[in-house]
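Input: a single structure, listed below in structure tokens.
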Amino acid sequence: MAIDHTDSMFSSAKGQQPALMLSAVLHLMSHYHAGSPCAKLAAVIERHLQVLSGVPDLGPVLQATCQQLSQQWAALVAQHRPAPPRATLLARLARLLSPKRPVSPLPQ
């Protein structure tokens, strides 16, 4: 799948074969919606769109569209990130009871 080859593709994508990049991202997008949502695939789609937004051969309208879609996919990726684990009661108490560091005055 394209996930394994994204880094090498990005290094040679700028200025070369933008139609192939656009075709690849459309293909990835169709796979994302055909199956169950996958955070890794969404991240790959977002990166493809981000690269495409900087390819001058696409023209300003396609660049702007790719940039806008990249931002939307980035929001989707962020939404799928797992929340950081909540601190346990014991950890919160330990943090509250730990000695505070002395506050040094600001240099003037």
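Convention: chains lettered A, B, ... in structure tokens order; per-chain residue numbering from 1; ligands numbered from 1 as shown.
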
Write out as a ChimeraX atom specification which residues come within 8 Å of range 37-45 of chain A when counting only C-alpha atoms, dropping same-chain ones fewer than 6 positions away.
-> /A:3,6,25,28-29,70,73-74,76-77,80-81

Report the distance between CA of Leu58 in chain A and CA of Ser23 in chain A in Å, rounded to one decimal place.
->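 Calculated distance between CA of Leu58 in chain A and CA of Ser23 in chain A is 12.5 Å.
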
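Minimum atom-to-atom distances from A:Arg86, A:Leu22, A:Arg95, A:Ala34 to Thr65 in chain A were compared using only C-alpha atoms, and the lowest value belongs to A:Leu22.
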
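Here CA of Pro82 in chain A stands at a distance of 20.6 Å from CA of His33 in chain A.
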